[in-house]
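Structure file protein_36.tsv (TSV, C-alpha atoms and all ligand atoms) follows.
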chain	number	residue	atom	x	y	z
A	144	MET	CA	102.55	76.78	97.10
A	145	THR	CA	102.97	80.30	95.78
A	146	VAL	CA	100.22	81.37	93.43
A	147	GLU	CA	100.01	84.37	91.15
A	148	SER	CA	97.40	86.11	93.21
A	149	ASP	CA	99.80	86.24	96.18
A	150	LEU	CA	102.45	88.04	94.15
A	151	GLY	CA	100.22	90.36	92.15
A	152	VAL	CA	101.57	89.21	88.80
A	153	ARG	CA	100.14	87.28	85.93
A	154	ILE	CA	102.09	85.02	83.62
A	155	GLU	CA	100.70	83.72	80.35
A	156	ARG	CA	102.25	80.27	80.27
A	157	ASN	CA	101.19	79.20	76.80
A	158	ALA	CA	104.06	80.68	74.82
A	159	PRO	CA	103.90	80.66	71.04
A	160	SER	CA	106.71	79.14	69.03
A	161	LYS	CA	107.50	80.52	65.61
A	162	LEU	CA	107.43	77.83	62.96
A	163	TYR	CA	108.68	78.18	59.39
A	164	PRO	CA	108.28	75.92	56.37
A	165	PHE	CA	111.23	73.52	56.17
A	166	LEU	CA	111.42	74.13	52.42
A	167	ARG	CA	112.08	77.81	52.91
A	168	TYR	CA	115.51	77.00	54.36
A	169	PHE	CA	116.35	73.52	53.09
A	170	ARG	CA	115.95	72.77	49.43
A	171	GLY	CA	116.71	69.71	47.37
A	172	PHE	CA	116.46	67.17	50.16
A	173	ASP	CA	113.62	65.47	48.29
A	174	GLY	CA	116.28	64.42	45.79
A	175	VAL	CA	118.61	62.85	48.36
A	176	PRO	CA	118.44	59.04	47.93
A	177	THR	CA	118.46	58.18	51.63
A	178	VAL	CA	115.69	60.72	52.26
A	179	ARG	CA	113.66	59.23	49.40
A	180	LYS	CA	114.20	55.85	50.96
A	181	LEU	CA	112.64	57.18	54.16
A	182	PHE	CA	109.51	58.76	52.75
A	183	GLY	CA	109.16	56.94	49.42
A	184	PRO	CA	106.86	58.44	46.78
A	185	GLN	CA	105.53	60.80	49.46
A	186	THR	CA	108.91	62.48	49.95
A	187	ALA	CA	108.05	65.86	48.40
A	188	ARG	CA	104.76	66.00	50.26
A	189	ALA	CA	106.37	64.94	53.54
A	190	LEU	CA	108.91	67.75	53.35
A	191	ARG	CA	106.29	70.28	52.25
A	192	SER	CA	104.35	69.72	55.43
A	193	LEU	CA	107.40	69.89	57.70
A	194	LYS	CA	107.93	72.91	59.93
A	195	VAL	CA	111.09	74.16	61.56
A	196	GLU	CA	111.71	76.24	64.66
A	197	PHE	CA	115.01	78.06	65.21
A	198	PHE	CA	116.48	78.78	68.60
A	199	SER	CA	119.37	81.04	69.44
A	200	ALA	CA	120.75	79.55	72.65
A	201	ARG	CA	124.47	78.94	72.38
A	202	PHE	CA	124.19	75.24	72.98
A	203	GLY	CA	122.53	72.42	71.19
A	204	TYR	CA	122.26	71.43	67.56
A	205	MET	CA	119.08	69.94	66.25
A	206	GLY	CA	116.17	67.96	67.50
A	207	THR	CA	112.74	66.74	66.55
A	208	SER	CA	109.73	67.57	68.68
A	209	ASP	CA	108.09	64.47	70.10
A	210	VAL	CA	104.91	66.51	70.52
A	211	ASP	CA	104.18	67.45	66.91
A	212	GLY	CA	107.21	66.29	64.92
A	213	HIS	CA	108.64	69.67	63.89
A	214	LEU	CA	112.37	70.32	63.73
A	215	LEU	CA	114.26	72.43	66.24
A	216	ILE	CA	117.48	73.90	64.97
A	217	SER	CA	120.13	76.05	66.60
A	218	SER	CA	120.71	79.09	64.43
A	219	HIS	CA	124.36	79.09	65.54
A	220	HIS	CA	124.85	75.50	64.47
A	221	LEU	CA	123.15	76.23	61.17
A	222	LYS	CA	125.37	79.23	60.52
A	223	ASP	CA	128.74	78.14	61.90
A	224	SER	CA	129.10	74.37	61.73
A	225	GLU	CA	130.80	72.58	58.90
A	226	PHE	CA	128.43	72.22	55.96
A	227	ARG	CA	128.64	68.44	55.89
A	228	THR	CA	127.77	68.20	59.57
A	229	VAL	CA	124.66	70.31	59.09
A	230	TYR	CA	123.73	68.28	56.02
A	231	LEU	CA	124.05	64.95	57.82
A	232	ASP	CA	122.25	66.31	60.88
A	233	ILE	CA	119.29	67.21	58.67
A	234	VAL	CA	119.20	63.69	57.24
A	235	HIS	CA	119.37	62.35	60.81
A	236	GLU	CA	116.48	64.52	61.97
A	237	LEU	CA	114.38	63.65	58.93
A	238	CYS	CA	114.65	60.05	60.07
A	239	HIS	CA	113.23	61.10	63.45
A	240	VAL	CA	110.45	63.00	61.64
A	241	LYS	CA	109.56	59.82	59.79
A	242	GLN	CA	109.66	57.84	63.04
A	243	PHE	CA	107.38	60.36	64.71
A	244	ARG	CA	104.92	60.28	61.82
A	245	SER	CA	104.91	56.49	61.94
A	246	GLY	CA	103.92	56.61	65.60
A	247	LYS	CA	107.28	55.37	66.88
A	248	ALA	CA	108.91	56.65	70.06
A	249	LEU	CA	111.76	59.14	69.68
A	250	PHE	CA	112.94	59.09	73.29
A	251	TYR	CA	113.88	56.11	75.39
A	252	PRO	CA	114.56	57.57	78.84
A	253	LYS	CA	115.77	54.28	80.29
A	254	LEU	CA	118.32	53.63	77.57
A	255	SER	CA	121.59	55.28	76.85
A	256	TYR	CA	121.51	57.61	73.83
A	257	VAL	CA	123.47	55.18	71.65
A	258	ASP	CA	121.20	52.26	72.60
A	259	ALA	CA	117.92	53.95	71.73
A	260	PRO	CA	116.41	52.22	68.67
A	261	SER	CA	115.38	55.62	67.28
A	262	GLU	CA	118.99	56.84	67.39
A	263	ILE	CA	120.50	53.67	65.97
A	264	GLU	CA	118.14	53.81	63.01
A	265	ALA	CA	118.79	57.51	62.44
A	266	TYR	CA	122.57	57.15	62.69
A	267	ARG	CA	122.63	54.16	60.35
A	268	LEU	CA	120.78	56.15	57.75
A	269	THR	CA	123.05	59.14	58.30
A	270	ILE	CA	126.18	57.03	57.90
A	271	GLU	CA	124.76	55.52	54.74
A	272	GLU	CA	124.29	59.02	53.38
A	273	GLY	CA	127.78	60.03	54.52
A	274	ARG	CA	129.25	57.13	52.60
A	275	ARG	CA	127.23	58.05	49.55
A	276	ILE	CA	128.68	61.55	49.49
A	277	GLY	CA	132.20	60.13	49.74
A	278	MET	CA	133.11	60.52	53.41
A	279	THR	CA	135.80	58.20	54.69
A	280	ASN	CA	135.43	55.73	57.52
A	281	ARG	CA	137.50	58.01	59.76
A	282	GLN	CA	135.42	61.07	58.94
A	283	LEU	CA	132.26	59.16	59.73
A	284	VAL	CA	133.63	57.87	63.03
A	285	ASP	CA	134.54	61.46	63.89
A	286	TYR	CA	131.06	62.63	62.94
A	287	LEU	CA	129.68	60.23	65.56
A	288	LYS	CA	131.91	61.63	68.26
A	289	VAL	CA	129.68	64.00	70.13
A	290	GLU	CA	130.24	65.44	73.54
A	291	TRP	CA	127.35	63.82	75.30
A	292	ILE	CA	128.51	60.24	74.80
A	293	THR	CA	131.40	58.41	76.44
A	294	PRO	CA	134.29	56.88	74.48
A	295	ALA	CA	132.77	53.43	75.06
A	296	GLU	CA	129.42	54.61	73.73
A	297	HIS	CA	131.12	56.21	70.76
A	298	ARG	CA	132.78	52.92	69.94
A	299	ARG	CA	129.48	51.05	70.32
A	300	LEU	CA	127.65	53.49	68.06
A	301	ALA	CA	130.35	53.25	65.40
A	302	ARG	CA	130.18	49.46	65.47
A	303	ARG	CA	126.40	49.51	65.21
A	304	CYS	CA	126.68	51.72	62.15
A	305	GLY	CA	129.04	49.24	60.51
A	306	LEU	CA	132.11	51.45	60.81
A	307	VAL	CA	135.63	50.23	61.46
A	308	TRP	CA	136.82	51.62	64.77
A	309	ALA	CA	139.46	54.27	64.22
A	310	SER	CA	139.93	56.31	67.34
A	311	ASP	CA	142.41	59.12	67.39
A	312	LYS	CA	141.34	60.28	70.84
A	313	ALA	CA	140.14	63.44	69.20
A	314	ARG	CA	138.00	65.81	71.16
A	315	PRO	CA	134.37	65.75	70.19
A	316	HIS	CA	133.86	67.94	67.17
A	317	ARG	CA	130.92	69.61	68.78
A	318	LYS	CA	128.84	70.00	71.86
A	319	ARG	CA	125.20	69.44	72.13
A	320	ILE	CA	122.07	69.21	74.20
A	321	ARG	CA	120.21	66.10	73.46
A	322	ARG	CA	119.68	64.70	70.09
A	401	ZN	ZN	118.79	61.58	66.91

Please express what this file holds, its structure, as structure tokens.
Ligand SMILES: [Zn+2]
Amino acid sequence: MTVESDLGVRIERNAPSKLYPFLRYFRGFDGVPTVRKLFGPQTARALRSLKVEFFSARFGYMGTSDVDGHLLISSHHLKDSEFRTVYLDIVHELCHVKQFRSGKALFYPKLSYVDAPSEIEAYRLTIEEGRRIGMTNRQLVDYLKVEWITPAEHRRLARRCGLVWASDKARPHRKRIRR
């Protein structure tokens, strides 16, 4: 094994990550009915304590840390994606934040992405919110079409979210890393 002393270098391996208050960048989510349903009377407080980290890599969208429950957001996604996609992604991630704070697992390494209970719950909530803001069945099916799932998984996820299957063989509307 190569150790630092052999190479004459030193690497500080505890890198800091820069965290910002969620409320500095995302306002009004405490008034969104599906978000209120998640956190209940504690909604405002829950969002006040939430932190967000931005990353600039040209891949990936959003995620929730399974170490401390903060949000990770691609600054490119935030800036360039369709507004509604960003909005729904935030609702989705808030569901993961709630799961994390309730002590539930976020990752299920042995299950496919669309079979993970954490994802099914988050997507159901997201679809509920999408319906509330007037999105059509087709738009919601398209929202679920992400690059890292197969057509069969896409179909399964849509069904689990109570959507009517309406495939147009469209390319995924975005790429992504993990969640
Ligand atoms: Zn997710």

Quiz item: Which residues, written as a ChimeraX atom specification, have at least one atom at most 12 Å from Asp223 in chain A, with all atoms listed in the file counted and residues fewer than 6 positions away on the same chain left out?
Solution: /A:201,204,217,229,317

Let me see the file: selected residues, C-alpha atoms, as a compact mmCIF listing (two decimals), keeping the file's coordinate frame.
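Below is the file that was written, selection24.txt:
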# COMPACT_ATOMS: atom_id res chain seq x y z
CA ARG A 201 124.47 78.94 72.38
CA TYR A 204 122.26 71.43 67.56
CA SER A 217 120.13 76.05 66.60
CA VAL A 229 124.66 70.31 59.09
CA ARG A 317 130.92 69.61 68.78

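Using only C-alpha atoms and all ligand atoms, we find that the residues with an atom at most 7 Å from any atom of ligand ZN 401 (chain A) are Gly206, His235, Glu236, His239, Ser261, Glu262, Ala265 and Arg322 of chain A.
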
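Interatomic distance, CA of Phe226 in chain A to CA of Gly277 in chain A: 14.1 Å.
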
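Atom pair CA of Leu231 in chain A / CA of Thr269 in chain A: separated by 5.9 Å.
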
Self-check item: Residues near range 159-161 of chain A, cut-off 8 Å, only C-alpha atoms, skip fewer than 2 positions along chain, as a PyMOL selection string
Solution: chain A and resi 157+163+196-197

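Rounded to one decimal, CA of Leu249 in chain A and CA of Thr186 in chain A lie 20.2 Å from each other.
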
I need every residue sitting at most 12 Å from the point (104.8, 68.3, 69.2) (coordinates as in the file, all atoms listed in the file considered), written as a CSV table (one decimal) with C-alpha atoms, in the coordinates of the input.
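For reference, point_11.csv as written:
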chain,number,residue,atom,x,y,z
A,160,SER,CA,106.7,79.1,69.0
A,162,LEU,CA,107.4,77.8,63.0
A,193,LEU,CA,107.4,69.9,57.7
A,194,LYS,CA,107.9,72.9,59.9
A,195,VAL,CA,111.1,74.2,61.6
A,196,GLU,CA,111.7,76.2,64.7
A,206,GLY,CA,116.2,68.0,67.5
A,207,THR,CA,112.7,66.7,66.6
A,208,SER,CA,109.7,67.6,68.7
A,209,ASP,CA,108.1,64.5,70.1
A,210,VAL,CA,104.9,66.5,70.5
A,211,ASP,CA,104.2,67.4,66.9
A,212,GLY,CA,107.2,66.3,64.9
A,213,HIS,CA,108.6,69.7,63.9
A,214,LEU,CA,112.4,70.3,63.7
A,215,LEU,CA,114.3,72.4,66.2
A,240,VAL,CA,110.4,63.0,61.6
A,243,PHE,CA,107.4,60.4,64.7
A,244,ARG,CA,104.9,60.3,61.8
A,249,LEU,CA,111.8,59.1,69.7

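Between Phe202 in chain A and the residues A:Ala248, A:Glu290, A:Glu271, A:Asp285, the shortest atom-to-atom distance, using only C-alpha atoms, involves A:Glu290.
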
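Shortest separation to Ser199 in chain A among A:Phe172, A:Leu166, A:Gly183, A:Ile216 occurs at residue A:Ile216, atoms counted being all atoms listed in the file.
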
Quiz prompt | Selected residue of minimal separation from Ala187 in chain A among A:Arg156, A:Arg275, A:Arg170, A:Arg267, counting all atoms listed in the file | solution = A:Arg170

Exercise. Write out as a PyMOL selection string each polymer residue whose atoms come within 9 Å of Arg303 in chain A, counting all atoms listed in the file; drop sequence neighbours fewer than 5 positions from it.
Key: chain A and resi 263+266-267+298

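When all atoms listed in the file are used to measure the gap to Ile276 in chain A, the shortest distance among A:Arg153, A:Tyr230, A:Ala158, A:Ala200 belongs to A:Tyr230.
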
Quiz item: Of the candidates A:Leu300, A:Leu181, A:Gly305, A:Asp232, which shows the shortest atom-to-atom distance to Arg274 in chain A, using all atoms listed in the file?
Solution: A:Gly305

Draw an axis-aligned box tight on the listed atoms of range 197-206 of chain A, then pad every side by 3 Å and write out centre and edge lengths in Å to one decimal as AutoDock Vina command-line options.
--center_x 119.7 --center_y 74.5 --center_z 69.1 --size_x 15.5 --size_y 19.1 --size_z 13.8

Reconstructed N, CA, C and O atoms for range 232-252 of chain A, given as a compact mmCIF listing (two decimals), in the coordinates of the input:
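Everything below was put into result20.txt:
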# COMPACT_ATOMS: atom_id res chain seq x y z
N ASP A 232 123.19 66.12 59.76
CA ASP A 232 122.25 66.31 60.88
C ASP A 232 120.81 66.42 60.38
O ASP A 232 119.87 65.94 61.01
N ILE A 233 120.64 67.08 59.24
CA ILE A 233 119.29 67.21 58.67
C ILE A 233 118.76 65.83 58.27
O ILE A 233 117.62 65.48 58.57
N VAL A 234 119.61 65.04 57.62
CA VAL A 234 119.20 63.69 57.24
C VAL A 234 118.81 62.89 58.49
O VAL A 234 117.78 62.21 58.53
N HIS A 235 119.63 63.03 59.53
CA HIS A 235 119.37 62.35 60.81
C HIS A 235 118.00 62.75 61.37
O HIS A 235 117.19 61.90 61.74
N GLU A 236 117.76 64.05 61.39
CA GLU A 236 116.48 64.52 61.97
C GLU A 236 115.29 64.12 61.11
O GLU A 236 114.21 63.86 61.63
N LEU A 237 115.49 64.07 59.80
CA LEU A 237 114.38 63.65 58.93
C LEU A 237 113.98 62.21 59.25
O LEU A 237 112.81 61.83 59.14
N CYS A 238 114.96 61.42 59.66
CA CYS A 238 114.65 60.05 60.07
C CYS A 238 113.77 60.08 61.32
O CYS A 238 112.80 59.34 61.43
N HIS A 239 114.07 60.98 62.25
CA HIS A 239 113.23 61.10 63.45
C HIS A 239 111.82 61.61 63.08
O HIS A 239 110.84 61.22 63.70
N VAL A 240 111.76 62.50 62.09
CA VAL A 240 110.45 63.00 61.64
C VAL A 240 109.62 61.83 61.13
O VAL A 240 108.44 61.68 61.46
N LYS A 241 110.26 60.99 60.33
CA LYS A 241 109.56 59.82 59.79
C LYS A 241 109.12 58.88 60.92
O LYS A 241 108.01 58.37 60.93
N GLN A 242 110.01 58.69 61.89
CA GLN A 242 109.66 57.84 63.04
C GLN A 242 108.44 58.40 63.77
O GLN A 242 107.50 57.68 64.10
N PHE A 243 108.49 59.73 64.00
CA PHE A 243 107.38 60.36 64.71
C PHE A 243 106.07 60.17 63.95
O PHE A 243 105.04 59.82 64.51
N ARG A 244 106.14 60.38 62.63
CA ARG A 244 104.92 60.28 61.82
C ARG A 244 104.43 58.84 61.70
O ARG A 244 103.27 58.62 61.36
N SER A 245 105.31 57.89 61.96
CA SER A 245 104.91 56.49 61.94
C SER A 245 104.43 56.02 63.32
O SER A 245 104.16 54.84 63.51
N GLY A 246 104.40 56.95 64.26
CA GLY A 246 103.92 56.61 65.60
C GLY A 246 104.96 55.94 66.48
O GLY A 246 104.63 55.38 67.52
N LYS A 247 106.22 55.99 66.06
CA LYS A 247 107.28 55.37 66.88
C LYS A 247 107.78 56.35 67.94
O LYS A 247 107.71 57.57 67.75
N ALA A 248 108.35 55.80 69.00
CA ALA A 248 108.91 56.65 70.06
C ALA A 248 110.23 57.26 69.58
O ALA A 248 110.99 56.62 68.87
N LEU A 249 110.47 58.50 69.99
CA LEU A 249 111.76 59.14 69.68
C LEU A 249 112.70 59.04 70.88
O LEU A 249 113.91 58.97 70.72
N PHE A 250 112.13 59.08 72.07
CA PHE A 250 112.94 59.09 73.29
C PHE A 250 112.78 57.78 74.06
O PHE A 250 111.67 57.27 74.19
N TYR A 251 113.88 57.30 74.56
CA TYR A 251 113.88 56.11 75.39
C TYR A 251 114.62 56.44 76.68
O TYR A 251 115.82 56.20 76.79
N PRO A 252 113.91 57.04 77.63
CA PRO A 252 114.56 57.57 78.84
C PRO A 252 115.38 56.55 79.61
O PRO A 252 116.33 56.92 80.29
